[in-house]
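Asker: Just passing along the structure, written as C-alpha cells.
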Amino acid sequence: MTDRFLRACRREATDRTPVWFMRQAGRYQPEYRALRERYSLLDLCRTPELCAQVTLLPVTQLGVDAAILFSDITLPLLGLGVPFEIVEGTGPVIGRPVRTEADIEALRVIDPERDVPFVPEAIRLIRQEAPVPLIGFAGAPFTLASYLIEGRGSRDLPATKRMLHGAPTLWARLMARLTEATLAYLRAQITAGVQAVQLFDSWVGALSPRDYEAAVLPSMRRLFGALQTTGIPTIHFGVGTAGLLPLMAGAGGDIIGVDWRIRLGDAWARIRQAGSQTGIMGNLDPAVLLAPFEAVDAASREILADAGGRRGHIFNLGHGVLPETPVDYLRRLVDLVHEVSAGPAASTIGAASPAERASGGRGIGS
Ligand code: CP3
C-alpha cells in the first residue's frame, strides 16, 4: 500500500506529491452513471457493497493516492431525524427547515451504529480491498446548519445569517448540537477503519472573519481538538476561504484545503504567518479540466511550483470534479503530478519556495 498520502498529512517527506480528487466518484464516470440509472444516490450510500464498489472505482481507474468514502454530508441527518431529499442538479433539499427553538430541540442525538449502520459496514468492506488509505468525512457544522436552516443550498444564506446575528443563543445551541453529532459520526467512521477524516465547510466562505471567529471557530476547535485524541490526520476544507485562512489555521487540523481563488503559495504563507504548521491541500480549478489538456498541464505545474516540494502538500482540485470532466484527463493529471513531483523539485523538499522566500515565510518543511 502506498502511504504517501498519510505521510504528507503528517508533513513527512514523500517520494512524490500525493494526489486525490474531491468527488472522484461521480457522474463524470460512465460506470457511475450506469449504476445511478438503477439506484438512487442514497441507495448507493446505504448499500455497503455498492458503496465500496463506487468508492474503489476511481482508485483503480485513476491511480489516486487515497480513497474517499462514498457518501454525502446529508447522511447524518438520518440520525438527527431530519427528512431530506437529494435533488439532481440542486443537492440536498429539506422540506421542513430548522429555524425555531422547538425545531432545534426536536433534533435527535445521533447514534451512528443505530442510525447509519451501513457506513461502518461499508468502511470495513472498503478497508479489505483498498490499495490506498481511506478518508472518511463529514460536513462541518456551519455548512450543515446552513442546509438545515435554508432548506437547500443558497448563495447568500439569508436565513442562516439572520439566526447567527439575530438569535446568537439559538445559533450557538444549533452549532453545539451539530458539533457533537459530527463528532459521534466521525468517531464511528474512525472506529470502523478510516485512516484520515476531512471536514467539508463548503459554504463558510460566505462569512466575514469576525463572524467566523465568533460563530464558527469555537465549534471547529472543539472538533479538531477531540479528533486529535484519535491520532488520525484531519483535513479542514472550505471554499472561498482566502480571508479566513489565518483563523482556520487556528482551529487545529493537520491540513487545510483551499480553492483556486488564492495562489497556493500565498495561502501557505498566510497560514505560516498565523503561526500554524499545517500542511495544505489543493488547488486546481476543476473547470480547467474542461479545456484542452495543455491548460491542465500548465495550471498544475504552476501549483506544484508554488508548493515547491515542501512537505505537507497534497494535490487536489479546489472543489469537486465536475460531471463534464473527461475521465482520461484525471488519469493524466494523476500521472503528471507524480512525474513532476518526482523530478528535480522533489530534491528541494524542506527548502523554501520562491513565494515563501519572497514573503519571508518561516517554519518551512517542519
Ligand atoms: O468526494 C467523493 O468522491 C465522495 C463523495 C461525496 C458526495 N458528496 C457524493 C455526492 C462527498 C465528499 C460529498 C460531500 C458534499 N455533499 C458536500 C461537501 C463538498 C462540496 O462539494 O462542497 C456538499 C455541499 C454536499 C451536498 C450535495 N450533495 C450537493 C451540493 C450535491 C450535488 C447536486 C448535483 O446534482 O450536482 C450532492 C449530490 C451528490 N453527492 C453527488 C455526489 C457524487 C452528485 C451525483 C449524483 O447525484 O449521483
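Naming works like this for the C-alpha cells: A, B, ... for the chains as they're shown, residue 1 at the start of each chain, ligands 1 onward in shown order.
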Counting only C-alpha atoms and all ligand atoms, what are the residues of chain A within 9 Å of ligand 1, and for each of them which pair of atoms is the nearest and at what distance in Å, to one decimal? Sort the table by chain and rising number, as a Markdown table.
Answerer:
```
| residue | atom | partner | partner_atom_place_in_ligand_line | distance |
| --- | --- | --- | --- | --- |
| A:Phe21 | CA | ligand 1 | 1 (O) | 6.8 |
| A:Met22 | CA | ligand 1 | 1 (O) | 4.0 |
| A:Arg23 | CA | ligand 1 | 1 (O) | 3.1 |
| A:Gln24 | CA | ligand 1 | 3 (O) | 4.2 |
| A:Ala25 | CA | ligand 1 | 3 (O) | 4.2 |
| A:Gly26 | CA | ligand 1 | 43 (C) | 4.2 |
| A:Arg27 | CA | ligand 1 | 45 (C) | 5.7 |
| A:Tyr32 | CA | ligand 1 | 48 (O) | 7.8 |
| A:Arg33 | CA | ligand 1 | 48 (O) | 7.5 |
| A:Arg36 | CA | ligand 1 | 48 (O) | 6.2 |
| A:Ser40 | CA | ligand 1 | 48 (O) | 7.2 |
| A:Leu41 | CA | ligand 1 | 48 (O) | 5.0 |
| A:Leu42 | CA | ligand 1 | 48 (O) | 8.7 |
| A:Leu44 | CA | ligand 1 | 48 (O) | 8.8 |
| A:Cys45 | CA | ligand 1 | 9 (C) | 8.5 |
| A:Val54 | CA | ligand 1 | 3 (O) | 8.6 |
| A:Thr55 | CA | ligand 1 | 3 (O) | 7.0 |
| A:Pro58 | CA | ligand 1 | 3 (O) | 8.5 |
| A:Ala67 | CA | ligand 1 | 3 (O) | 8.0 |
| A:Ile68 | CA | ligand 1 | 4 (C) | 5.5 |
| A:Leu69 | CA | ligand 1 | 4 (C) | 5.7 |
| A:Phe70 | CA | ligand 1 | 4 (C) | 4.4 |
| A:Ser71 | CA | ligand 1 | 5 (C) | 5.0 |
| A:Asp72 | CA | ligand 1 | 8 (N) | 3.8 |
| A:Ile73 | CA | ligand 1 | 16 (N) | 4.7 |
| A:Thr74 | CA | ligand 1 | 26 (C) | 6.7 |
| A:Ile86 | CA | ligand 1 | 38 (C) | 6.2 |
| A:Val87 | CA | ligand 1 | 35 (O) | 6.2 |
| A:Glu88 | CA | ligand 1 | 35 (O) | 3.7 |
| A:Gly89 | CA | ligand 1 | 35 (O) | 3.4 |
| A:Thr90 | CA | ligand 1 | 33 (C) | 4.6 |
| A:Gly91 | CA | ligand 1 | 33 (C) | 3.6 |
| A:Pro92 | CA | ligand 1 | 27 (C) | 5.6 |
| A:Gly136 | CA | ligand 1 | 12 (C) | 8.6 |
| A:Phe137 | CA | ligand 1 | 12 (C) | 6.7 |
| A:Ala138 | CA | ligand 1 | 14 (C) | 7.5 |
| A:Gly139 | CA | ligand 1 | 18 (C) | 6.2 |
| A:Ala140 | CA | ligand 1 | 18 (C) | 8.7 |
| A:Thr143 | CA | ligand 1 | 24 (C) | 7.2 |
| A:Leu144 | CA | ligand 1 | 24 (C) | 8.4 |
| A:Tyr147 | CA | ligand 1 | 24 (C) | 8.7 |
| A:Arg152 | CA | ligand 1 | 30 (C) | 8.9 |
| A:Gly153 | CA | ligand 1 | 30 (C) | 6.9 |
| A:Gln198 | CA | ligand 1 | 12 (C) | 8.6 |
| A:Leu199 | CA | ligand 1 | 18 (C) | 8.4 |
| A:Phe200 | CA | ligand 1 | 18 (C) | 5.1 |
| A:Asp201 | CA | ligand 1 | 18 (C) | 7.0 |
| A:Ser202 | CA | ligand 1 | 22 (O) | 4.4 |
| A:Trp203 | CA | ligand 1 | 22 (O) | 7.4 |
| A:Phe237 | CA | ligand 1 | 19 (C) | 8.6 |
| A:Gly238 | CA | ligand 1 | 22 (O) | 7.8 |
| A:Val239 | CA | ligand 1 | 22 (O) | 7.5 |
| A:His319 | CA | ligand 1 | 21 (O) | 6.3 |
| A:Gly320 | CA | ligand 1 | 21 (O) | 5.4 |
| A:Val321 | CA | ligand 1 | 1 (O) | 8.2 |
| A:Leu322 | CA | ligand 1 | 36 (O) | 8.4 |
| A:Pro323 | CA | ligand 1 | 36 (O) | 8.0 |
```
Asker: Would you mind exporting C-alpha atoms of the selected residues as a PDB file, in the first residue's frame?
Answerer:
```
ATOM      1  CA  PHE A  21      -9.816  14.425  -6.053  1.00  0.00           C
ATOM      2  CA  MET A  22     -12.872  15.587  -4.183  1.00  0.00           C
ATOM      3  CA  ARG A  23     -15.899  13.920  -5.831  1.00  0.00           C
ATOM      4  CA  GLN A  24     -13.568  11.440  -7.516  1.00  0.00           C
ATOM      5  CA  ALA A  25     -16.553   9.089  -7.641  1.00  0.00           C
ATOM      6  CA  GLY A  26     -19.370  10.697  -9.570  1.00  0.00           C
ATOM      7  CA  ARG A  27     -21.224  11.463 -12.737  1.00  0.00           C
ATOM      8  CA  TYR A  32     -21.174   5.581 -12.019  1.00  0.00           C
ATOM      9  CA  ARG A  33     -23.853   6.890 -14.395  1.00  0.00           C
ATOM     10  CA  ARG A  36     -27.240   5.672 -10.982  1.00  0.00           C
ATOM     11  CA  SER A  40     -30.572   6.490  -6.211  1.00  0.00           C
ATOM     12  CA  LEU A  41     -27.640   8.320  -4.659  1.00  0.00           C
ATOM     13  CA  LEU A  42     -28.922   7.350  -1.210  1.00  0.00           C
ATOM     14  CA  LEU A  44     -25.587   3.752  -3.251  1.00  0.00           C
ATOM     15  CA  CYS A  45     -24.659   5.254   0.128  1.00  0.00           C
ATOM     16  CA  VAL A  54     -18.228   3.168  -6.090  1.00  0.00           C
ATOM     17  CA  THR A  55     -15.548   4.229  -3.599  1.00  0.00           C
ATOM     18  CA  PRO A  58     -11.648   5.898  -9.112  1.00  0.00           C
ATOM     19  CA  ALA A  67      -9.890   6.719  -1.476  1.00  0.00           C
ATOM     20  CA  ILE A  68     -12.740   8.790  -0.012  1.00  0.00           C
ATOM     21  CA  LEU A  69     -15.760   7.053   1.422  1.00  0.00           C
ATOM     22  CA  PHE A  70     -18.655   7.413  -1.000  1.00  0.00           C
ATOM     23  CA  SER A  71     -21.368   9.148   0.966  1.00  0.00           C
ATOM     24  CA  ASP A  72     -22.872  12.617   1.308  1.00  0.00           C
ATOM     25  CA  ILE A  73     -22.760  15.265   4.011  1.00  0.00           C
ATOM     26  CA  THR A  74     -26.513  14.815   4.470  1.00  0.00           C
ATOM     27  CA  ILE A  86     -31.140  14.873  -2.787  1.00  0.00           C
ATOM     28  CA  VAL A  87     -32.345  16.537  -5.966  1.00  0.00           C
ATOM     29  CA  GLU A  88     -30.214  16.128  -9.065  1.00  0.00           C
ATOM     30  CA  GLY A  89     -28.566  19.378 -10.087  1.00  0.00           C
ATOM     31  CA  THR A  90     -29.581  21.083  -6.798  1.00  0.00           C
ATOM     32  CA  GLY A  91     -28.291  18.933  -3.970  1.00  0.00           C
ATOM     33  CA  PRO A  92     -29.911  18.358  -0.583  1.00  0.00           C
ATOM     34  CA  GLY A 136     -13.804   9.453   5.983  1.00  0.00           C
ATOM     35  CA  PHE A 137     -15.669  12.742   6.064  1.00  0.00           C
ATOM     36  CA  ALA A 138     -18.477  14.860   7.387  1.00  0.00           C
ATOM     37  CA  GLY A 139     -19.957  18.242   6.634  1.00  0.00           C
ATOM     38  CA  ALA A 140     -18.704  20.884   9.056  1.00  0.00           C
ATOM     39  CA  THR A 143     -22.320  24.014   6.305  1.00  0.00           C
ATOM     40  CA  LEU A 144     -24.753  21.509   7.823  1.00  0.00           C
ATOM     41  CA  TYR A 147     -28.618  23.402   4.808  1.00  0.00           C
ATOM     42  CA  ARG A 152     -31.266  23.920   0.395  1.00  0.00           C
ATOM     43  CA  GLY A 153     -28.015  25.316  -0.969  1.00  0.00           C
ATOM     44  CA  GLN A 198     -11.986  15.571   6.200  1.00  0.00           C
ATOM     45  CA  LEU A 199     -14.423  18.230   7.347  1.00  0.00           C
ATOM     46  CA  PHE A 200     -16.168  19.951   4.431  1.00  0.00           C
ATOM     47  CA  ASP A 201     -17.079  23.544   5.293  1.00  0.00           C
ATOM     48  CA  SER A 202     -18.184  24.269   1.762  1.00  0.00           C
ATOM     49  CA  TRP A 203     -20.251  27.406   2.407  1.00  0.00           C
ATOM     50  CA  PHE A 237     -11.587  22.133   3.707  1.00  0.00           C
ATOM     51  CA  GLY A 238     -13.541  25.234   2.767  1.00  0.00           C
ATOM     52  CA  VAL A 239     -14.465  27.185  -0.358  1.00  0.00           C
ATOM     53  CA  HIS A 319     -13.595  21.775  -5.207  1.00  0.00           C
ATOM     54  CA  GLY A 320     -15.296  18.668  -6.583  1.00  0.00           C
ATOM     55  CA  VAL A 321     -14.811  17.103 -10.040  1.00  0.00           C
ATOM     56  CA  LEU A 322     -17.394  18.496 -12.499  1.00  0.00           C
ATOM     57  CA  PRO A 323     -19.658  15.981 -14.286  1.00  0.00           C
TER      58      PRO A 323
END
```
Asker: If we count only C-alpha atoms, what is near region 269-280 of chain A at a cut-off of 6 Å, once residues fewer than 2 positions away on the same chain are taken out, given as an mmCIF file with C-alpha atoms, in the first residue's frame?
Answerer:
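File written: selection25.cif
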```cif
data_model
loop_
_atom_site.group_PDB
_atom_site.id
_atom_site.type_symbol
_atom_site.label_atom_id
_atom_site.label_comp_id
_atom_site.auth_asym_id
_atom_site.auth_seq_id
_atom_site.Cartn_x
_atom_site.Cartn_y
_atom_site.Cartn_z
ATOM 1 C CA PRO A 246 -5.380 32.644 9.497
ATOM 2 C CA ALA A 249 -5.284 27.601 10.791
ATOM 3 C CA ASP A 254 -3.394 18.859 10.117
ATOM 4 C CA ILE A 255 -4.093 20.005 6.548
ATOM 5 C CA ILE A 256 -6.084 22.963 5.227
ATOM 6 C CA GLY A 257 -7.837 22.530 1.885
ATOM 7 C CA ASP A 266 0.044 32.776 -0.812
ATOM 8 C CA ALA A 267 -2.343 30.559 1.124
ATOM 9 C CA GLY A 312 2.668 18.631 3.600
ATOM 10 C CA HIS A 313 1.309 19.420 0.128
ATOM 11 C CA GLY A 361 7.977 32.680 5.324
#
```
Asker: Skip Glu113 (chain A) itself and residues of its chain fewer than 4 positions away, then list as a list in words all residues within 12 Å of it, counting only C-alpha atoms.
Answerer: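 Here the answer would be Pro76, Leu78, Gly79, Pro117, Phe118, Val119, Pro120, Glu121, Ala184, Tyr185, Leu186, Arg187, Ala188, Gln189, Thr191 and Ala192 of chain A.
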Asker: What lies within 10 Å of Arg7 (chain A) using only C-alpha atoms, ignoring chain neighbours under 6 positions off, as a ChimeraX atom specification?
Answerer: /A:13-15,18,233,311-312
Asker: Could the residues in this selection be saved with all heavy atoms as a PDB file, in the first residue's frame?
Answerer:
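Saved to again25.pdb:
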```pdb
ATOM      1  N   ALA A  13       8.417  13.588   4.659  1.00  0.00           N
ATOM      2  CA  ALA A  13       8.880  13.580   3.278  1.00  0.00           C
ATOM      3  C   ALA A  13       8.162  12.467   2.507  1.00  0.00           C
ATOM      4  O   ALA A  13       7.866  11.412   3.058  1.00  0.00           O
ATOM      5  CB  ALA A  13      10.385  13.353   3.246  1.00  0.00           C
ATOM      6  N   THR A  14       7.877  12.724   1.219  1.00  0.00           N
ATOM      7  CA  THR A  14       7.228  11.711   0.375  1.00  0.00           C
ATOM      8  C   THR A  14       8.023  11.555  -0.914  1.00  0.00           C
ATOM      9  O   THR A  14       8.708  12.491  -1.338  1.00  0.00           O
ATOM     10  CB  THR A  14       5.779  12.125   0.019  1.00  0.00           C
ATOM     11  OG1 THR A  14       5.821  13.422  -0.577  1.00  0.00           O
ATOM     12  CG2 THR A  14       4.893  12.157   1.248  1.00  0.00           C
ATOM     13  N   ASP A  15       7.902  10.373  -1.546  1.00  0.00           N
ATOM     14  CA  ASP A  15       8.629  10.151  -2.802  1.00  0.00           C
ATOM     15  C   ASP A  15       8.038  10.981  -3.934  1.00  0.00           C
ATOM     16  O   ASP A  15       8.725  11.393  -4.863  1.00  0.00           O
ATOM     17  CB  ASP A  15       8.628   8.652  -3.155  1.00  0.00           C
ATOM     18  CG  ASP A  15       7.219   8.090  -3.331  1.00  0.00           C
ATOM     19  OD1 ASP A  15       6.248   8.691  -2.797  1.00  0.00           O
ATOM     20  OD2 ASP A  15       7.065   7.061  -4.003  1.00  0.00           O
ATOM     21  N   PRO A  18       1.367  13.410  -3.136  1.00  0.00           N
ATOM     22  CA  PRO A  18       0.145  12.608  -3.236  1.00  0.00           C
ATOM     23  C   PRO A  18      -0.984  13.404  -3.894  1.00  0.00           C
ATOM     24  O   PRO A  18      -1.027  14.625  -3.780  1.00  0.00           O
ATOM     25  CB  PRO A  18      -0.194  12.289  -1.778  1.00  0.00           C
ATOM     26  CG  PRO A  18       0.515  13.302  -0.960  1.00  0.00           C
ATOM     27  CD  PRO A  18       1.698  13.778  -1.757  1.00  0.00           C
ATOM     28  N   PRO A 233      -4.981  11.702  11.020  1.00  0.00           N
ATOM     29  CA  PRO A 233      -4.892  13.039  10.430  1.00  0.00           C
ATOM     30  C   PRO A 233      -6.255  13.624  10.068  1.00  0.00           C
ATOM     31  O   PRO A 233      -7.189  12.879   9.733  1.00  0.00           O
ATOM     32  CB  PRO A 233      -4.069  12.814   9.158  1.00  0.00           C
ATOM     33  CG  PRO A 233      -3.451  11.481   9.275  1.00  0.00           C
ATOM     34  CD  PRO A 233      -4.300  10.682  10.200  1.00  0.00           C
ATOM     35  N   ARG A 311       7.149  19.802   2.321  1.00  0.00           N
ATOM     36  CA  ARG A 311       6.386  18.723   2.954  1.00  0.00           C
ATOM     37  C   ARG A 311       4.984  19.207   3.306  1.00  0.00           C
ATOM     38  O   ARG A 311       4.808  20.346   3.713  1.00  0.00           O
ATOM     39  CB  ARG A 311       7.077  18.293   4.236  1.00  0.00           C
ATOM     40  CG  ARG A 311       8.411  17.664   3.973  1.00  0.00           C
ATOM     41  CD  ARG A 311       9.066  17.295   5.270  1.00  0.00           C
ATOM     42  NE  ARG A 311      10.439  16.872   4.995  1.00  0.00           N
ATOM     43  CZ  ARG A 311      11.260  16.427   5.914  1.00  0.00           C
ATOM     44  NH1 ARG A 311      10.857  16.342   7.171  1.00  0.00           N
ATOM     45  NH2 ARG A 311      12.464  16.055   5.587  1.00  0.00           N
ATOM     46  N   GLY A 312       4.028  18.288   3.171  1.00  0.00           N
ATOM     47  CA  GLY A 312       2.668  18.631   3.600  1.00  0.00           C
ATOM     48  C   GLY A 312       1.805  19.187   2.496  1.00  0.00           C
ATOM     49  O   GLY A 312       0.762  19.754   2.764  1.00  0.00           O
TER      50      GLY A 312
END
```
Asker: Taking the DSSP secondary structure from the backbone, can you list the residues of region 9-201 of chain A that are strand (DSSP E or B), as a compact mmCIF listing (two decimals) with all heavy atoms, in the first residue's frame?
Answerer:
```
# COMPACT_ATOMS: atom_id res chain seq x y z
N VAL A 19 -1.86 12.70 -4.57
CA VAL A 19 -2.98 13.37 -5.26
C VAL A 19 -4.24 12.52 -5.14
O VAL A 19 -4.20 11.31 -5.23
CB VAL A 19 -2.61 13.65 -6.75
CG1 VAL A 19 -2.00 12.46 -7.45
CG2 VAL A 19 -3.83 14.15 -7.54
N ALA A 67 -8.48 6.93 -1.17
CA ALA A 67 -9.89 6.72 -1.48
C ALA A 67 -10.69 7.59 -0.51
O ALA A 67 -10.24 7.84 0.60
CB ALA A 67 -10.25 5.24 -1.27
N ILE A 68 -11.85 8.09 -0.95
CA ILE A 68 -12.74 8.79 -0.01
C ILE A 68 -14.05 8.03 0.02
O ILE A 68 -14.58 7.66 -1.04
CB ILE A 68 -12.93 10.28 -0.37
CG1 ILE A 68 -13.89 10.93 0.65
CG2 ILE A 68 -13.41 10.48 -1.79
CD1 ILE A 68 -13.83 12.44 0.71
N GLU A 85 -34.25 15.20 0.85
CA GLU A 85 -34.11 14.53 -0.46
C GLU A 85 -32.82 15.06 -1.08
O GLU A 85 -32.40 16.17 -0.75
CB GLU A 85 -35.20 15.01 -1.41
CG GLU A 85 -36.53 14.38 -1.30
CD GLU A 85 -37.41 15.06 -2.34
OE1 GLU A 85 -37.99 16.12 -2.03
OE2 GLU A 85 -37.48 14.55 -3.47
N ILE A 86 -32.24 14.31 -2.01
CA ILE A 86 -31.14 14.87 -2.79
C ILE A 86 -31.63 15.01 -4.21
O ILE A 86 -31.96 14.03 -4.87
CB ILE A 86 -29.87 14.01 -2.68
CG1 ILE A 86 -29.40 14.02 -1.22
CG2 ILE A 86 -28.77 14.57 -3.58
CD1 ILE A 86 -28.11 13.31 -0.95
N VAL A 87 -31.77 16.25 -4.66
CA VAL A 87 -32.35 16.54 -5.97
C VAL A 87 -31.21 16.76 -6.96
O VAL A 87 -30.30 17.56 -6.70
CB VAL A 87 -33.24 17.80 -5.89
CG1 VAL A 87 -33.82 18.14 -7.25
CG2 VAL A 87 -34.35 17.59 -4.86
N GLY A 91 -28.90 19.39 -5.21
CA GLY A 91 -28.29 18.93 -3.97
C GLY A 91 -29.35 18.68 -2.92
O GLY A 91 -30.52 18.47 -3.25
N PRO A 92 -28.97 18.70 -1.65
CA PRO A 92 -29.91 18.36 -0.58
C PRO A 92 -31.06 19.37 -0.48
O PRO A 92 -30.83 20.57 -0.61
CB PRO A 92 -29.05 18.42 0.69
CG PRO A 92 -27.64 18.33 0.21
CD PRO A 92 -27.62 18.93 -1.15
N VAL A 93 -32.27 18.87 -0.27
CA VAL A 93 -33.44 19.72 -0.05
C VAL A 93 -34.17 19.20 1.19
O VAL A 93 -34.49 18.02 1.27
CB VAL A 93 -34.40 19.71 -1.27
CG1 VAL A 93 -35.65 20.53 -0.98
CG2 VAL A 93 -33.68 20.26 -2.51
N LEU A 134 -7.94 5.17 3.26
CA LEU A 134 -9.35 5.58 3.11
C LEU A 134 -9.64 6.81 3.97
O LEU A 134 -9.38 6.82 5.17
CB LEU A 134 -10.26 4.42 3.53
CG LEU A 134 -11.77 4.72 3.54
CD1 LEU A 134 -12.27 5.06 2.13
CD2 LEU A 134 -12.56 3.54 4.12
N ILE A 135 -10.19 7.84 3.32
CA ILE A 135 -10.58 9.07 4.01
C ILE A 135 -12.07 9.01 4.35
O ILE A 135 -12.90 8.71 3.49
CB ILE A 135 -10.33 10.31 3.11
CG1 ILE A 135 -8.88 10.35 2.61
CG2 ILE A 135 -10.70 11.60 3.83
CD1 ILE A 135 -8.65 11.37 1.49
N GLY A 136 -12.41 9.27 5.60
CA GLY A 136 -13.80 9.45 5.98
C GLY A 136 -14.11 10.94 5.98
O GLY A 136 -13.20 11.76 5.89
N PHE A 137 -15.38 11.30 6.06
CA PHE A 137 -15.67 12.74 6.06
C PHE A 137 -17.01 13.05 6.68
O PHE A 137 -17.86 12.17 6.89
CB PHE A 137 -15.61 13.33 4.64
CG PHE A 137 -16.81 12.95 3.79
CD1 PHE A 137 -17.94 13.76 3.76
CD2 PHE A 137 -16.79 11.81 3.02
CE1 PHE A 137 -19.03 13.42 2.97
CE2 PHE A 137 -17.88 11.47 2.22
CZ PHE A 137 -18.99 12.27 2.20
N ALA A 138 -17.18 14.34 6.95
CA ALA A 138 -18.48 14.86 7.39
C ALA A 138 -18.56 16.31 6.94
O ALA A 138 -17.55 16.96 6.70
CB ALA A 138 -18.60 14.77 8.91
N GLY A 139 -19.77 16.81 6.85
CA GLY A 139 -19.96 18.24 6.63
C GLY A 139 -19.61 18.95 7.94
O GLY A 139 -19.87 18.43 9.02
N ARG A 152 -32.00 24.31 1.61
CA ARG A 152 -31.27 23.92 0.39
C ARG A 152 -30.02 24.80 0.25
O ARG A 152 -29.86 25.74 1.01
CB ARG A 152 -32.15 24.08 -0.85
CG ARG A 152 -32.70 25.49 -1.02
CD ARG A 152 -33.49 25.62 -2.30
NE ARG A 152 -34.67 24.76 -2.31
CZ ARG A 152 -35.09 24.08 -3.38
NH1 ARG A 152 -34.43 24.15 -4.51
NH2 ARG A 152 -36.17 23.34 -3.33
N ALA A 196 -8.04 8.75 7.77
CA ALA A 196 -7.94 10.21 7.88
C ALA A 196 -9.39 10.70 7.79
O ALA A 196 -10.25 9.96 7.31
CB ALA A 196 -7.12 10.79 6.74
N VAL A 197 -9.65 11.91 8.28
CA VAL A 197 -11.00 12.45 8.10
C VAL A 197 -10.93 13.88 7.57
O VAL A 197 -10.01 14.63 7.89
CB VAL A 197 -11.87 12.44 9.38
CG1 VAL A 197 -12.23 11.03 9.79
CG2 VAL A 197 -11.20 13.19 10.52
N GLN A 198 -11.91 14.21 6.74
CA GLN A 198 -11.99 15.57 6.20
C GLN A 198 -13.30 16.20 6.62
O GLN A 198 -14.36 15.59 6.53
CB GLN A 198 -11.90 15.52 4.67
CG GLN A 198 -12.06 16.90 4.04
CD GLN A 198 -11.51 16.97 2.63
OE1 GLN A 198 -10.57 16.26 2.28
NE2 GLN A 198 -12.08 17.86 1.83
N LEU A 199 -13.21 17.45 7.08
CA LEU A 199 -14.42 18.23 7.35
C LEU A 199 -14.64 19.18 6.18
O LEU A 199 -13.74 19.95 5.82
CB LEU A 199 -14.28 18.98 8.67
CG LEU A 199 -14.57 18.05 9.85
CD1 LEU A 199 -13.86 18.49 11.11
CD2 LEU A 199 -16.07 17.94 10.09
N PHE A 200 -15.83 19.09 5.57
CA PHE A 200 -16.17 19.95 4.43
C PHE A 200 -16.96 21.15 4.94
O PHE A 200 -18.13 21.01 5.30
CB PHE A 200 -17.05 19.19 3.43
CG PHE A 200 -16.32 18.20 2.58
CD1 PHE A 200 -16.20 16.88 2.96
CD2 PHE A 200 -15.77 18.58 1.34
CE1 PHE A 200 -15.55 15.95 2.15
CE2 PHE A 200 -15.13 17.66 0.53
CZ PHE A 200 -15.02 16.35 0.94
N ASP A 201 -16.31 22.33 4.96
CA ASP A 201 -17.08 23.54 5.29
C ASP A 201 -17.29 24.35 4.02
O ASP A 201 -16.77 25.45 3.84
CB ASP A 201 -16.38 24.37 6.39
CG ASP A 201 -17.41 24.99 7.33
OD1 ASP A 201 -18.61 24.95 6.99
OD2 ASP A 201 -17.03 25.49 8.40
```
Asker: Can you tell me which residues surround Gly63 (chain A) at a distance of at most 12 Å, considering only C-alpha atoms, apart from same-chain residues fewer than 5 positions away, and format the answer as a ChimeraX atom specification?
Answerer: /A:2,18-21,24,56-58,130-132,327-328,330-338
Asker: Just give me the gap between CA of Tyr329 (chain A) and CA of Arg127 (chain A) in Å, one decimal is fine.
Answerer: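 We find that CA of Tyr329 (chain A) and CA of Arg127 (chain A) lie 27.1 Å from each other.
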Asker: As a PyMOL selection string, please: all residues of region 101-348 of chain A that backbone DSSP puts in helix (DSSP H, G or I).
Answerer: chain A and resi 101-105+112-115+118-129+141-150+158-166+168-192+204-206+209-215+217-228+242-249+264-273+286-290+293-307+327-342+344-348
Asker: Using only C-alpha atoms, find the one residue out of A:Leu217, A:Leu244, A:Val258, A:Leu227 that sits nearest to Gly205 (chain A).
Answerer: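 For Gly205 (chain A), the nearest of the candidates is A:Leu244.
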Asker: Considering only C-alpha atoms, can you say which of A:Ile314, A:Glu302, A:Pro326, A:Ala122 comes closest to Leu290 (chain A)?
Answerer: A:Pro326
Asker: Tell me, in Å to one decimal, how far CA of Ala342 (chain A) is from CA of Arg16 (chain A).
Answerer: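 The value is 5.2 Å.
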